[in-house]
>>> print(open('data_36.txt').read())   # compact mmCIF, C-alpha atoms
# COMPACT_ATOMS: atom_id res chain seq x y z
CA MET K 1 11.52 29.60 2.63
CA THR K 2 11.98 28.16 -0.88
CA PRO K 3 11.16 24.43 -0.97
CA HIS K 4 14.27 22.26 -1.15
CA VAL K 5 14.82 20.44 -4.44
CA ILE K 6 15.02 16.76 -3.61
CA GLU K 7 17.55 14.76 -5.62
CA PRO K 8 17.16 11.02 -4.98
CA ASP K 9 20.32 9.11 -4.15
CA PRO K 10 19.36 5.55 -3.16
CA GLN K 11 22.98 4.39 -3.08
CA ALA K 12 23.87 6.99 -0.44
CA GLY K 13 20.76 6.05 1.51
CA ALA K 14 21.75 2.40 1.48
CA ALA K 15 25.19 3.29 2.85
CA VAL K 16 23.66 5.37 5.67
CA LYS K 17 21.28 2.54 6.52
CA ALA K 18 24.08 -0.05 6.51
CA ALA K 19 26.26 2.01 8.86
CA ASP K 20 23.29 2.59 11.16
CA ARG K 21 22.45 -1.08 11.35
CA ALA K 22 26.08 -2.00 11.96
CA HIS K 23 26.85 0.49 14.73
CA VAL K 24 23.91 2.55 16.10
CA PHE K 25 22.06 1.23 19.14
CA HIS K 26 18.58 2.76 19.08
CA SER K 27 16.47 3.76 22.08
CA TRP K 28 13.22 2.02 23.07
CA SER K 29 13.77 -0.69 20.42
CA ALA K 30 14.45 -4.36 19.88
CA GLN K 31 17.50 -3.76 17.70
CA GLY K 32 16.92 -6.67 15.32
CA LEU K 33 13.30 -5.79 14.63
CA ILE K 34 13.62 -2.16 13.49
CA ASP K 35 14.17 -0.62 10.07
CA PRO K 36 14.98 3.09 10.57
CA LEU K 37 14.25 5.44 7.71
CA ALA K 38 17.42 7.02 6.33
CA VAL K 39 16.79 10.78 6.28
CA ALA K 40 18.55 12.88 3.66
CA GLY K 41 17.45 16.32 4.86
CA ALA K 42 14.80 18.52 6.41
CA GLU K 43 13.49 22.06 6.06
CA GLY K 44 10.57 23.85 7.67
CA SER K 45 7.76 21.39 8.34
CA TYR K 46 9.11 18.69 6.01
CA PHE K 47 11.84 16.07 5.77
CA TRP K 48 12.78 13.65 2.98
CA ASP K 49 14.57 10.37 2.41
CA TYR K 50 17.20 9.29 -0.11
CA ASP K 51 14.57 7.83 -2.43
CA GLY K 52 12.98 11.25 -2.94
CA ASN K 53 9.98 10.73 -0.67
CA ARG K 54 8.96 13.92 1.14
CA TYR K 55 6.99 13.86 4.41
CA LEU K 56 5.03 16.50 6.27
CA ASP K 57 6.24 16.04 9.83
CA PHE K 58 3.25 15.93 12.16
CA THR K 59 5.56 14.88 15.02
CA SER K 60 7.89 17.92 15.17
CA GLY K 61 10.76 15.45 15.63
CA LEU K 62 9.79 14.32 19.11
CA VAL K 63 7.57 17.34 19.63
CA TYR K 64 10.49 19.75 19.77
CA THR K 65 11.08 21.41 16.36
CA ASN K 66 8.71 24.21 17.35
CA ILE K 67 10.09 26.54 14.65
CA GLY K 68 10.59 23.75 12.12
CA TYR K 69 13.82 22.41 10.69
CA GLN K 70 16.80 24.52 9.62
CA HIS K 71 15.47 27.97 10.44
CA PRO K 72 18.15 30.19 8.86
CA ARG K 73 18.35 32.68 11.75
CA VAL K 74 18.98 29.96 14.32
CA VAL K 75 21.46 28.15 12.08
CA ALA K 76 23.33 31.45 11.61
CA ALA K 77 23.32 32.12 15.38
CA ILE K 78 24.91 28.73 16.06
CA GLN K 79 27.54 29.37 13.39
CA GLU K 80 28.33 32.83 14.77
CA GLN K 81 28.61 31.52 18.32
CA ALA K 82 30.90 28.70 17.19
CA ALA K 83 33.22 31.26 15.62
CA LYS K 84 33.18 33.40 18.78
CA LEU K 85 33.25 30.92 21.70
CA THR K 86 32.41 27.31 21.04
CA THR K 87 32.31 26.11 24.64
CA PHE K 88 33.14 27.15 28.19
CA ALA K 89 32.74 25.66 31.65
CA PRO K 90 29.46 26.37 33.47
CA ALA K 91 31.03 28.05 36.52
CA PHE K 92 31.73 31.22 34.53
CA ALA K 93 29.46 34.07 33.46
CA ILE K 94 29.10 33.91 29.67
CA ASP K 95 27.14 36.52 27.73
CA VAL K 96 25.01 34.16 25.66
CA ARG K 97 24.25 31.97 28.69
CA SER K 98 23.14 34.99 30.70
CA GLU K 99 21.00 36.25 27.83
CA ALA K 100 19.30 32.89 27.33
CA ALA K 101 18.48 32.74 31.04
CA ARG K 102 17.13 36.29 30.98
CA LEU K 103 14.89 35.65 27.97
CA ILE K 104 13.51 32.44 29.49
CA ALA K 105 12.92 34.05 32.90
CA GLU K 106 11.03 36.92 31.25
CA ARG K 107 8.52 34.41 29.87
CA THR K 108 8.07 31.99 32.74
CA PRO K 109 5.10 32.73 35.03
CA GLY K 110 5.35 34.34 38.45
CA ASP K 111 8.72 34.53 40.20
CA LEU K 112 10.41 31.65 38.34
CA ASP K 113 13.37 33.91 37.63
CA LYS K 114 16.40 31.70 38.25
CA ILE K 115 17.37 29.20 35.54
CA PHE K 116 19.42 26.03 36.06
CA PHE K 117 20.49 24.70 32.67
CA THR K 118 20.63 21.01 31.79
CA ASN K 119 21.21 19.05 28.59
CA GLY K 120 17.60 17.97 28.22
CA GLY K 121 14.23 17.35 29.83
CA ALA K 122 15.02 14.21 31.83
CA GLU K 123 17.97 15.92 33.52
CA ALA K 124 15.72 18.89 34.23
CA VAL K 125 13.29 16.60 36.06
CA GLU K 126 16.14 14.91 37.94
CA ASN K 127 17.36 18.26 39.23
CA ALA K 128 13.91 19.66 39.98
CA VAL K 129 13.17 16.66 42.17
CA ARG K 130 16.57 16.97 43.87
CA MET K 131 15.88 20.64 44.59
CA ALA K 132 12.44 19.84 46.00
CA ARG K 133 13.79 17.10 48.27
CA LEU K 134 16.61 19.28 49.57
CA HIS K 135 14.33 22.28 50.04
CA THR K 136 11.74 20.34 52.04
CA GLY K 137 13.92 17.72 53.70
CA ARG K 138 11.38 15.13 52.55
CA THR K 139 11.72 12.15 50.21
CA LYS K 140 8.48 11.13 48.50
CA VAL K 141 7.37 12.52 45.14
CA LEU K 142 3.87 12.03 43.72
CA SER K 143 3.37 11.62 39.97
CA ALA K 144 0.49 10.63 37.71
CA TYR K 145 0.02 7.27 36.03
CA ARG K 146 -0.57 8.79 32.60
CA SER K 147 2.71 10.67 32.33
CA TYR K 148 6.18 10.71 30.88
CA HIS K 149 9.05 12.57 32.57
CA GLY K 150 12.19 11.14 30.93
CA ALA K 151 14.45 8.10 30.84
CA THR K 152 17.11 8.83 33.47
CA SER K 153 16.94 7.09 36.84
CA THR K 154 14.54 9.29 38.83
CA ALA K 155 12.68 10.57 35.78
CA ILE K 156 11.85 7.09 34.49
CA ASN K 157 10.55 6.07 37.92
CA LEU K 158 8.33 9.14 38.02
CA THR K 159 6.99 8.22 34.58
CA GLY K 160 3.59 6.56 34.51
CA ASP K 161 3.59 4.85 31.11
CA PRO K 162 4.86 1.29 30.45
CA ARG K 163 8.35 2.43 29.48
CA ARG K 164 8.90 2.63 33.24
CA TRP K 165 8.30 -1.04 33.95
CA ALA K 166 11.69 -2.47 32.96
CA SER K 167 13.60 0.08 35.07
CA ASP K 168 11.23 0.55 38.01
CA ASN K 169 13.87 0.02 40.68
CA GLY K 170 16.05 3.09 40.73
CA SER K 171 14.30 5.61 42.97
CA ALA K 172 12.68 5.07 46.33
CA GLY K 173 9.79 7.22 47.38
CA VAL K 174 7.78 7.57 44.16
CA VAL K 175 4.01 7.35 44.64
CA ARG K 176 1.57 7.48 41.73
CA PHE K 177 -2.00 8.77 41.57
CA TRP K 178 -4.72 9.22 38.96
CA ALA K 179 -4.87 12.62 37.29
CA PRO K 180 -8.10 13.75 35.62
CA PHE K 181 -9.10 12.35 32.21
CA LEU K 182 -12.83 12.64 31.66
CA TYR K 183 -13.00 10.52 28.49
CA ARG K 184 -11.64 7.53 30.42
CA SER K 185 -12.46 8.72 33.92
CA PRO K 186 -11.22 6.57 36.81
CA PHE K 187 -13.67 8.48 39.01
CA TYR K 188 -16.93 7.68 37.15
CA ALA K 189 -17.39 11.38 36.49
CA THR K 190 -19.76 12.66 33.82
CA THR K 191 -18.75 16.32 33.71
CA GLU K 192 -15.48 18.26 33.83
CA ALA K 193 -16.49 19.77 37.17
CA GLU K 194 -17.05 16.30 38.66
CA GLU K 195 -13.79 15.01 37.21
CA SER K 196 -11.81 17.91 38.63
CA ALA K 197 -13.38 17.71 42.09
CA ARG K 198 -13.06 13.94 42.36
CA ALA K 199 -9.47 13.93 41.07
CA LEU K 200 -8.51 16.55 43.64
CA GLN K 201 -10.17 14.57 46.41
CA HIS K 202 -8.35 11.43 45.28
CA LEU K 203 -5.04 13.32 45.33
CA GLU K 204 -5.64 14.70 48.81
CA ASP K 205 -6.68 11.25 50.05
CA THR K 206 -3.45 9.81 48.62
CA ILE K 207 -1.46 12.49 50.43
CA ALA K 208 -3.26 11.73 53.69
CA PHE K 209 -2.51 8.02 53.49
CA GLU K 210 1.13 8.54 52.41
CA GLY K 211 1.74 11.10 55.15
CA PRO K 212 1.86 14.79 54.16
CA ALA K 213 5.06 15.37 56.12
CA THR K 214 6.86 12.76 53.98
CA ILE K 215 6.05 14.28 50.59
CA ALA K 216 8.54 16.62 48.96
CA ALA K 217 6.82 17.31 45.65
CA ILE K 218 3.98 16.67 43.26
CA ILE K 219 5.05 16.64 39.62
CA LEU K 220 2.61 16.96 36.73
CA GLU K 221 2.91 17.62 33.05
CA THR K 222 0.85 20.80 32.66
CA VAL K 223 -0.75 19.14 29.65
CA PRO K 224 0.40 15.50 29.42
CA GLY K 225 2.12 14.89 26.09
CA THR K 226 3.04 11.35 25.05
CA ALA K 227 0.44 9.96 27.46
CA GLY K 228 -2.40 11.46 25.44
CA ILE K 229 -2.65 15.28 25.50
CA MET K 230 -5.33 15.37 28.19
CA THR K 231 -5.98 19.05 28.89
CA PRO K 232 -6.78 19.29 32.61
CA PRO K 233 -10.33 20.38 33.46
CA PRO K 234 -10.97 23.90 34.82
CA GLY K 235 -9.89 24.29 38.42
CA TYR K 236 -7.73 21.19 38.64
CA LEU K 237 -4.24 22.70 38.50
CA ALA K 238 -5.34 25.57 40.74
CA GLY K 239 -6.62 22.95 43.16
CA VAL K 240 -3.30 21.12 43.11
CA ARG K 241 -1.59 24.43 43.84
CA GLU K 242 -3.84 24.90 46.89
CA ILE K 243 -3.14 21.37 48.13
CA CYS K 244 0.61 21.90 47.80
CA ASP K 245 0.40 25.15 49.73
CA LYS K 246 -1.71 23.49 52.43
CA TYR K 247 0.84 20.75 53.11
CA GLY K 248 4.10 22.53 52.27
CA ILE K 249 4.65 20.41 49.17
CA VAL K 250 6.68 21.69 46.21
CA PHE K 251 4.58 21.92 43.02
CA VAL K 252 6.58 20.98 39.91
CA LEU K 253 5.17 21.48 36.43
CA ASP K 254 6.86 19.60 33.59
CA GLU K 255 6.66 21.80 30.49
CA VAL K 256 9.32 19.94 28.51
CA MET K 257 6.82 19.16 25.75
CA ALA K 258 4.04 21.70 26.38
CA GLY K 259 6.27 24.77 26.72
CA PHE K 260 7.55 27.38 24.28
CA GLY K 261 4.48 27.95 22.19
CA ARG K 262 3.21 24.40 21.78
CA THR K 263 -0.20 25.14 23.36
CA GLY K 264 -0.57 28.64 21.92
CA LYS K 265 1.01 30.26 24.99
CA TRP K 266 4.67 30.58 25.92
CA PHE K 267 3.95 28.07 28.68
CA ALA K 268 0.85 25.93 29.12
CA ALA K 269 0.54 27.07 32.76
CA GLU K 270 -0.70 30.42 31.43
CA HIS K 271 -3.91 28.75 30.26
CA PHE K 272 -4.71 27.82 33.85
CA ASP K 273 -3.42 30.90 35.69
CA VAL K 274 -1.21 28.81 37.95
CA VAL K 275 2.40 29.30 39.05
CA PRO K 276 4.42 26.27 40.18
CA ASP K 277 7.45 26.33 42.47
CA LEU K 278 9.63 24.67 39.85
CA MET K 279 9.12 24.32 36.10
CA THR K 280 11.11 22.04 33.80
CA PHE K 281 11.67 22.85 30.13
CA ALA K 282 13.66 21.62 27.11
CA LYS K 283 12.71 20.71 23.50
CA GLY K 284 11.09 23.88 22.12
CA VAL K 285 13.44 26.23 24.02
CA ASN K 286 15.69 26.10 20.96
CA SER K 287 13.70 23.80 18.68
CA GLY K 288 16.10 20.97 19.52
CA TYR K 289 18.87 22.40 17.34
CA VAL K 290 21.45 21.85 20.12
CA PRO K 291 20.47 19.85 23.25
CA LEU K 292 19.28 22.13 26.06
CA GLY K 293 16.91 21.92 29.01
CA GLY K 294 16.53 23.46 32.39
CA VAL K 295 14.67 24.20 35.58
CA ALA K 296 13.01 27.56 36.26
CA ILE K 297 13.21 28.12 40.01
CA SER K 298 11.06 30.20 42.35
CA GLU K 299 12.55 32.81 44.63
CA GLU K 300 11.86 30.76 47.77
CA ILE K 301 13.53 27.61 46.52
CA ALA K 302 16.45 29.50 45.00
CA ALA K 303 17.01 31.13 48.41
CA THR K 304 17.53 27.68 49.95
CA PHE K 305 20.82 27.54 48.11
CA ASP K 306 22.02 31.10 48.76
CA LYS K 307 24.39 29.97 51.52
CA ARG K 308 24.13 26.23 51.04
CA PRO K 309 25.78 24.75 47.92
CA TYR K 310 23.45 23.08 45.48
CA PRO K 311 24.85 19.53 45.13
CA GLY K 312 24.36 19.13 41.41
CA GLY K 313 25.87 20.18 38.12
CA LEU K 314 26.60 19.19 34.54
CA THR K 315 29.72 19.64 32.46
CA TYR K 316 27.72 21.15 29.61
CA SER K 317 25.21 23.15 31.65
CA GLY K 318 24.33 26.24 29.65
CA HIS K 319 26.53 25.24 26.71
CA PRO K 320 27.22 28.35 24.59
CA LEU K 321 26.08 26.78 21.31
CA ALA K 322 22.84 25.57 22.88
CA CYS K 323 22.22 28.94 24.54
CA ALA K 324 22.91 30.79 21.29
CA ALA K 325 20.30 28.59 19.63
CA ALA K 326 17.86 29.38 22.47
CA VAL K 327 18.39 33.14 22.20
CA ALA K 328 17.86 33.05 18.44
CA THR K 329 14.83 30.76 18.72
CA ILE K 330 13.09 32.98 21.27
CA GLN K 331 13.81 36.04 19.14
CA VAL K 332 12.43 34.29 16.05
CA MET K 333 9.31 33.27 17.98
CA GLU K 334 8.78 36.88 19.03
CA ASP K 335 9.51 38.47 15.66
CA GLU K 336 7.54 35.97 13.60
CA LYS K 337 4.67 35.66 16.12
CA VAL K 338 5.10 31.90 16.33
CA VAL K 339 3.18 31.55 19.60
CA GLU K 340 0.27 33.51 18.15
CA ASN K 341 0.38 31.32 15.04
CA ALA K 342 0.17 28.16 17.14
CA ALA K 343 -2.92 29.54 18.87
CA HIS K 344 -4.48 30.54 15.54
CA ILE K 345 -3.81 27.19 13.87
CA GLY K 346 -5.27 25.33 16.82
CA GLU K 347 -8.40 27.44 17.08
CA ASN K 348 -9.16 27.90 13.39
CA VAL K 349 -7.58 25.01 11.48
CA LEU K 350 -6.51 21.94 13.46
CA GLY K 351 -9.25 22.00 16.09
CA PRO K 352 -12.17 22.41 13.66
CA GLY K 353 -10.53 20.13 11.08
CA LEU K 354 -9.92 17.28 13.50
CA ARG K 355 -13.44 17.54 14.91
CA GLU K 356 -14.81 17.39 11.37
CA LEU K 357 -12.79 14.20 10.77
CA ALA K 358 -14.25 12.74 13.96
CA GLU K 359 -17.76 13.28 12.64
CA ARG K 360 -17.01 11.16 9.57
CA HIS K 361 -14.71 8.46 10.94
CA PRO K 362 -16.15 5.94 13.43
CA SER K 363 -12.62 5.10 14.60
CA VAL K 364 -12.24 8.52 16.24
CA GLY K 365 -13.57 8.39 19.79
CA GLU K 366 -12.41 11.79 20.99
CA VAL K 367 -10.54 14.86 19.76
CA ARG K 368 -8.69 16.90 22.38
CA GLY K 369 -5.99 19.52 22.50
CA LEU K 370 -5.07 23.17 22.04
CA GLY K 371 -2.55 25.15 20.00
CA VAL K 372 -0.58 22.68 17.88
CA PHE K 373 -0.93 19.97 20.53
CA TRP K 374 -3.76 17.56 19.62
CA ALA K 375 -4.68 13.90 20.01
CA LEU K 376 -7.18 11.61 18.33
CA ASP K 377 -8.25 8.77 20.62
CA LEU K 378 -8.94 5.88 18.23
CA VAL K 379 -11.52 3.28 19.26
CA LYS K 380 -13.13 0.05 18.10
CA ASN K 381 -16.51 1.22 19.27
CA ARG K 382 -17.60 4.76 20.07
CA GLU K 383 -20.29 3.65 22.47
CA THR K 384 -18.06 1.45 24.64
CA ARG K 385 -14.92 3.56 24.00
CA GLU K 386 -12.88 0.37 23.67
CA PRO K 387 -9.44 1.40 22.37
CA LEU K 388 -8.59 0.43 18.81
CA VAL K 389 -5.70 -1.64 20.22
CA PRO K 390 -5.11 -2.86 23.80
CA TYR K 391 -3.03 -0.87 26.27
CA ASN K 392 0.68 -1.18 25.41
CA ALA K 393 -0.11 -3.46 22.46
CA ALA K 394 2.70 -4.92 20.38
CA GLY K 395 3.06 -7.20 17.39
CA GLU K 396 -0.17 -8.52 15.90
CA ALA K 397 -2.26 -6.92 18.65
CA ASN K 398 -1.06 -3.53 17.40
CA ALA K 399 -1.79 -4.28 13.73
CA PRO K 400 -4.66 -1.74 13.34
CA MET K 401 -2.48 1.16 14.52
CA ALA K 402 0.44 -0.06 12.43
CA ALA K 403 -1.82 -0.11 9.38
CA PHE K 404 -3.02 3.40 10.15
CA GLY K 405 0.57 4.64 10.47
CA ALA K 406 1.60 3.01 7.20
CA ALA K 407 -1.35 4.59 5.42
CA ALA K 408 -0.42 8.04 6.72
CA LYS K 409 3.16 7.68 5.49
CA LYS K 410 1.93 6.47 2.10
CA ASN K 411 0.03 9.75 1.86
CA GLY K 412 3.13 11.83 2.67
CA LEU K 413 2.43 12.39 6.38
CA TRP K 414 4.77 11.26 9.14
CA PRO K 415 2.40 10.63 12.09
CA PHE K 416 2.93 10.58 15.83
CA VAL K 417 1.42 7.24 16.87
CA ASN K 418 1.32 6.03 20.47
CA MET K 419 -0.82 3.13 21.69
CA ASN K 420 -4.37 3.75 20.38
CA ARG K 421 -3.78 7.41 19.56
CA THR K 422 -2.39 9.59 16.84
CA HIS K 423 -1.22 13.05 17.82
CA ALA K 424 -1.30 16.09 15.56
CA VAL K 425 1.75 18.03 16.74
CA PRO K 426 3.27 19.95 13.81
CA ALA K 427 5.71 22.83 14.15
CA CYS K 428 4.34 25.89 15.93
CA ASN K 429 4.98 27.93 12.78
CA VAL K 430 3.12 25.49 10.53
CA THR K 431 1.12 27.29 7.86
CA GLU K 432 -2.61 26.95 7.29
CA ALA K 433 -1.91 25.20 3.99
CA GLU K 434 0.45 22.71 5.63
CA ALA K 435 -2.01 22.01 8.45
CA LYS K 436 -4.78 21.37 5.91
CA GLU K 437 -2.43 19.08 3.95
CA GLY K 438 -1.91 17.11 7.15
CA LEU K 439 -5.63 16.91 7.80
CA ALA K 440 -6.22 15.54 4.30
CA ALA K 441 -3.60 12.83 4.82
CA LEU K 442 -5.12 11.95 8.21
CA ASP K 443 -8.53 11.74 6.55
CA ALA K 444 -7.24 9.11 4.12
CA ALA K 445 -5.37 7.17 6.81
CA LEU K 446 -8.37 7.07 9.14
CA THR K 447 -10.32 5.10 6.54
CA VAL K 448 -7.89 2.27 7.30
CA ALA K 449 -8.50 2.61 11.03
CA ASP K 450 -12.26 2.57 10.34
CA GLU K 451 -11.92 -0.93 8.90
CA HIS K 452 -11.15 -2.19 12.42
CA THR K 453 -14.21 -0.71 14.13
CA ALA K 454 -17.21 -2.69 15.27
>>> encode(input="data_36.txt", output="structure tokens")
Amino acid sequence: MTPHVIEPDPQAGAAVKAADRAHVFHSWSAQGLIDPLAVAGAEGSYFWDYDGNRYLDFTSGLVYTNIGYQHPRVVAAIQEQAAKLTTFAPAFAIDVRSEAARLIAERTPGDLDKIFFTNGGAEAVENAVRMARLHTGRTKVLSAYRSYHGATSTAINLTGDPRRWASDNGSAGVVRFWAPFLYRSPFYATTEAEESARALQHLEDTIAFEGPATIAAIILETVPGTAGIMTPPPGYLAGVREICDKYGIVFVLDEVMAGFGRTGKWFAAEHFDVVPDLMTFAKGVNSGYVPLGGVAISEEIAATFDKRPYPGGLTYSGHPLACAAAVATIQVMEDEKVVENAAHIGENVLGPGLRELAERHPSVGEVRGLGVFWALDLVKNRETREPLVPYNAAGEANAPMAAFGAAAKKNGLWPFVNMNRTHAVPACNVTEAEAKEGLAALDAALTVADEHTA
């Protein structure tokens, strides 16, 4: 793809910013305290503003532009579908909807062969939980503290991070537990084997005290995303699968962020040889070009609704434009070996490069990840592992991370910053040169973080 020629137009940018500030209500924000960047365009792994500043996007939007911005084949597919059939109600069989479902089902693990389409990841979680509760006749759902599952009513209550707190009143029957995280182990473990075994025992103890016959589902992000990209230790997910089978609990894996190539596999579950009963997806299914999500459903759970109507639906379920984007995206990922590229970049460029940065920067406590899904855990002190900023820090308490983020942007990198971490999550088709460019910008920005270490 030929690099876009950026022509600065500050006056246009000012007009965009003024209209935004006058009328757009932004998510997760105190409206009077934000200053959104006015974006003029994007292409591949980059975007630019109206002042001519170009940024390498190490966030993939919100970890969803898995094939980068403006891929010409997907743009063309959306245009062609719009000319053919722009929209149609979900109760009908539509060719592009059927093809998107077929292509997704071919790639999901095990017998997850039925696809319920939603508009995004949160709605996918809402419907997966509804299916699990109806299938089992039970109410409770167990989720991990370090997690994010979406911002709709049930999804936000299943979420473990602080974004839940203000809305933690909308769904009865949510119980949280500690998932494994060896670097900050709640189980005083010293090895991955200990962490896995103790986390599984803790989960089974929680089930025992909550009452196994009351629990409909356990939901986990296969690899937690926003919460810190903590790859589960060997044996953990398989152990959860065994626990679910033992007590008749539905096992739900949330692959909204980790799916469609992000970890170097089509789905992160493939790394752990585990098949859930339900799997949620969104984001990378069509690189976010048109909103789309869904639930991949096992044969057993799908059979529950063979004669019994499923009490759920969405006006735009399986929207033709979104499905056309999904079909084209999956075909692009196959033809251009995007999943293989994500694995290669992680193993040979990002992984080694980030670990090399950790050796030189005292602010880096741990490097973890796989594929193009990485996190740097930034600390004040490597020995004590004290986070660079407190949990859920804001304002002055968050100044060290804010300074780090500003330094990254000054060096042409748009970083993914959350709490005391920065995540390296570029597009799955990022090139070696682009990944190395990002590493160089991180190197410079980390010198600012180092200034706040003890």
>>> atom_distance(input="data_36.txt", atom1="CA of Gly264 (chain K)", atom2="CA of Leu370 (chain K)")
7.1 Å
>>> closest_residue(input="data_36.txt", among="K:Ile67, K:Leu134, K:Ala199, K:Leu85", to="Arg308 (chain K)", atoms="all atoms listed in the file")
K:Leu134
>>> closest_residue(input="data_36.txt", among="K:Val372, K:Ala101, K:Ala18, K:Ala151", to="Met257 (chain K)", atoms="all atoms listed in the file")
K:Val372
>>> closest_atom_pairs(input="data_36.txt", of="region 220-298 of chain K", to="region 172-185 of chain K", cutoff="10 Å", atoms="all atoms listed in the file", output="JSON lines")
{"residue": "K:Leu220", "atom": "CA", "partner": "K:Ala179", "partner_atom": "CA", "distance": 8.7}
{"residue": "K:Pro224", "atom": "CA", "partner": "K:Ala179", "partner_atom": "CA", "distance": 9.9}
{"residue": "K:Gly228", "atom": "CA", "partner": "K:Phe181", "partner_atom": "CA", "distance": 9.6}
{"residue": "K:Ile229", "atom": "CA", "partner": "K:Phe181", "partner_atom": "CA", "distance": 9.8}
{"residue": "K:Met230", "atom": "CA", "partner": "K:Phe181", "partner_atom": "CA", "distance": 6.3}
{"residue": "K:Thr231", "atom": "CA", "partner": "K:Phe181", "partner_atom": "CA", "distance": 8.1}
{"residue": "K:Pro232", "atom": "CA", "partner": "K:Pro180", "partner_atom": "CA", "distance": 6.4}
{"residue": "K:Pro233", "atom": "CA", "partner": "K:Pro180", "partner_atom": "CA", "distance": 7.3}
{"residue": "K:Tyr236", "atom": "CA", "partner": "K:Pro180", "partner_atom": "CA", "distance": 8.0}
>>> atom_distance(input="data_36.txt", atom1="CA of Ile219 (chain K)", atom2="CA of Ala282 (chain K)")
16.0 Å
>>> atom_distance(input="data_36.txt", atom1="CA of Val75 (chain K)", atom2="CA of Ala326 (chain K)")
11.1 Å
>>> residues_around(input="data_36.txt", residues="Trp48 (chain K)", least_positions_apart="6", cutoff="10 Å", atoms="all atoms listed in the file", output="list in words")
His4, Ile6, Glu7, Pro8, Leu37, Ala38, Val39, Ala40, Gly41, Ala42, Arg54, Tyr55, Leu56, Asp57 and Gly412 of chain K
>>> closest_atom_pairs(input="data_36.txt", of="region 357-407 of chain K", to="region 430-447 of chain K", cutoff="10 Å", atoms="only C-alpha atoms", output="JSON lines")
{"residue": "K:Leu357", "atom": "CA", "partner": "K:Asp443", "partner_atom": "CA", "distance": 6.5}
{"residue": "K:Ala358", "atom": "CA", "partner": "K:Asp443", "partner_atom": "CA", "distance": 9.4}
{"residue": "K:Arg360", "atom": "CA", "partner": "K:Asp443", "partner_atom": "CA", "distance": 9.0}
{"residue": "K:His361", "atom": "CA", "partner": "K:Leu446", "partner_atom": "CA", "distance": 6.7}
{"residue": "K:Pro362", "atom": "CA", "partner": "K:Leu446", "partner_atom": "CA", "distance": 9.0}
{"residue": "K:Ser363", "atom": "CA", "partner": "K:Leu446", "partner_atom": "CA", "distance": 7.2}
{"residue": "K:Val364", "atom": "CA", "partner": "K:Leu446", "partner_atom": "CA", "distance": 8.2}
{"residue": "K:Val372", "atom": "CA", "partner": "K:Val430", "partner_atom": "CA", "distance": 8.7}
{"residue": "K:Leu378", "atom": "CA", "partner": "K:Leu446", "partner_atom": "CA", "distance": 9.2}
{"residue": "K:Met401", "atom": "CA", "partner": "K:Leu446", "partner_atom": "CA", "distance": 9.9}
{"residue": "K:Ala403", "atom": "CA", "partner": "K:Ala445", "partner_atom": "CA", "distance": 8.5}
{"residue": "K:Phe404", "atom": "CA", "partner": "K:Ala445", "partner_atom": "CA", "distance": 5.6}
{"residue": "K:Gly405", "atom": "CA", "partner": "K:Ala445", "partner_atom": "CA", "distance": 7.4}
{"residue": "K:Ala406", "atom": "CA", "partner": "K:Ala445", "partner_atom": "CA", "distance": 8.1}
{"residue": "K:Ala407", "atom": "CA", "partner": "K:Ala445", "partner_atom": "CA", "distance": 5.0}
>>> write_last_selection(input="data_36.txt", atoms="C-alpha atoms", output="short mmCIF file (atom, residue, chain, number, x, y, z; two decimals), keeping the file's coordinate frame")
data_model
loop_
_atom_site.label_atom_id
_atom_site.label_comp_id
_atom_site.auth_asym_id
_atom_site.auth_seq_id
_atom_site.Cartn_x
_atom_site.Cartn_y
_atom_site.Cartn_z
CA LEU K 357 -12.79 14.20 10.77
CA ALA K 358 -14.25 12.74 13.96
CA ARG K 360 -17.01 11.16 9.57
CA HIS K 361 -14.71 8.46 10.94
CA PRO K 362 -16.15 5.94 13.43
CA SER K 363 -12.62 5.10 14.60
CA VAL K 364 -12.24 8.52 16.24
CA VAL K 372 -0.58 22.68 17.88
CA LEU K 378 -8.94 5.88 18.23
CA MET K 401 -2.48 1.16 14.52
CA ALA K 403 -1.82 -0.11 9.38
CA PHE K 404 -3.02 3.40 10.15
CA GLY K 405 0.57 4.64 10.47
CA ALA K 406 1.60 3.01 7.20
CA ALA K 407 -1.35 4.59 5.42
#
>>> closest_residue(input="data_36.txt", among="K:Gly211, K:Gly365, K:Pro10, K:Gly353", to="Arg385 (chain K)", atoms="only C-alpha atoms")
K:Gly365
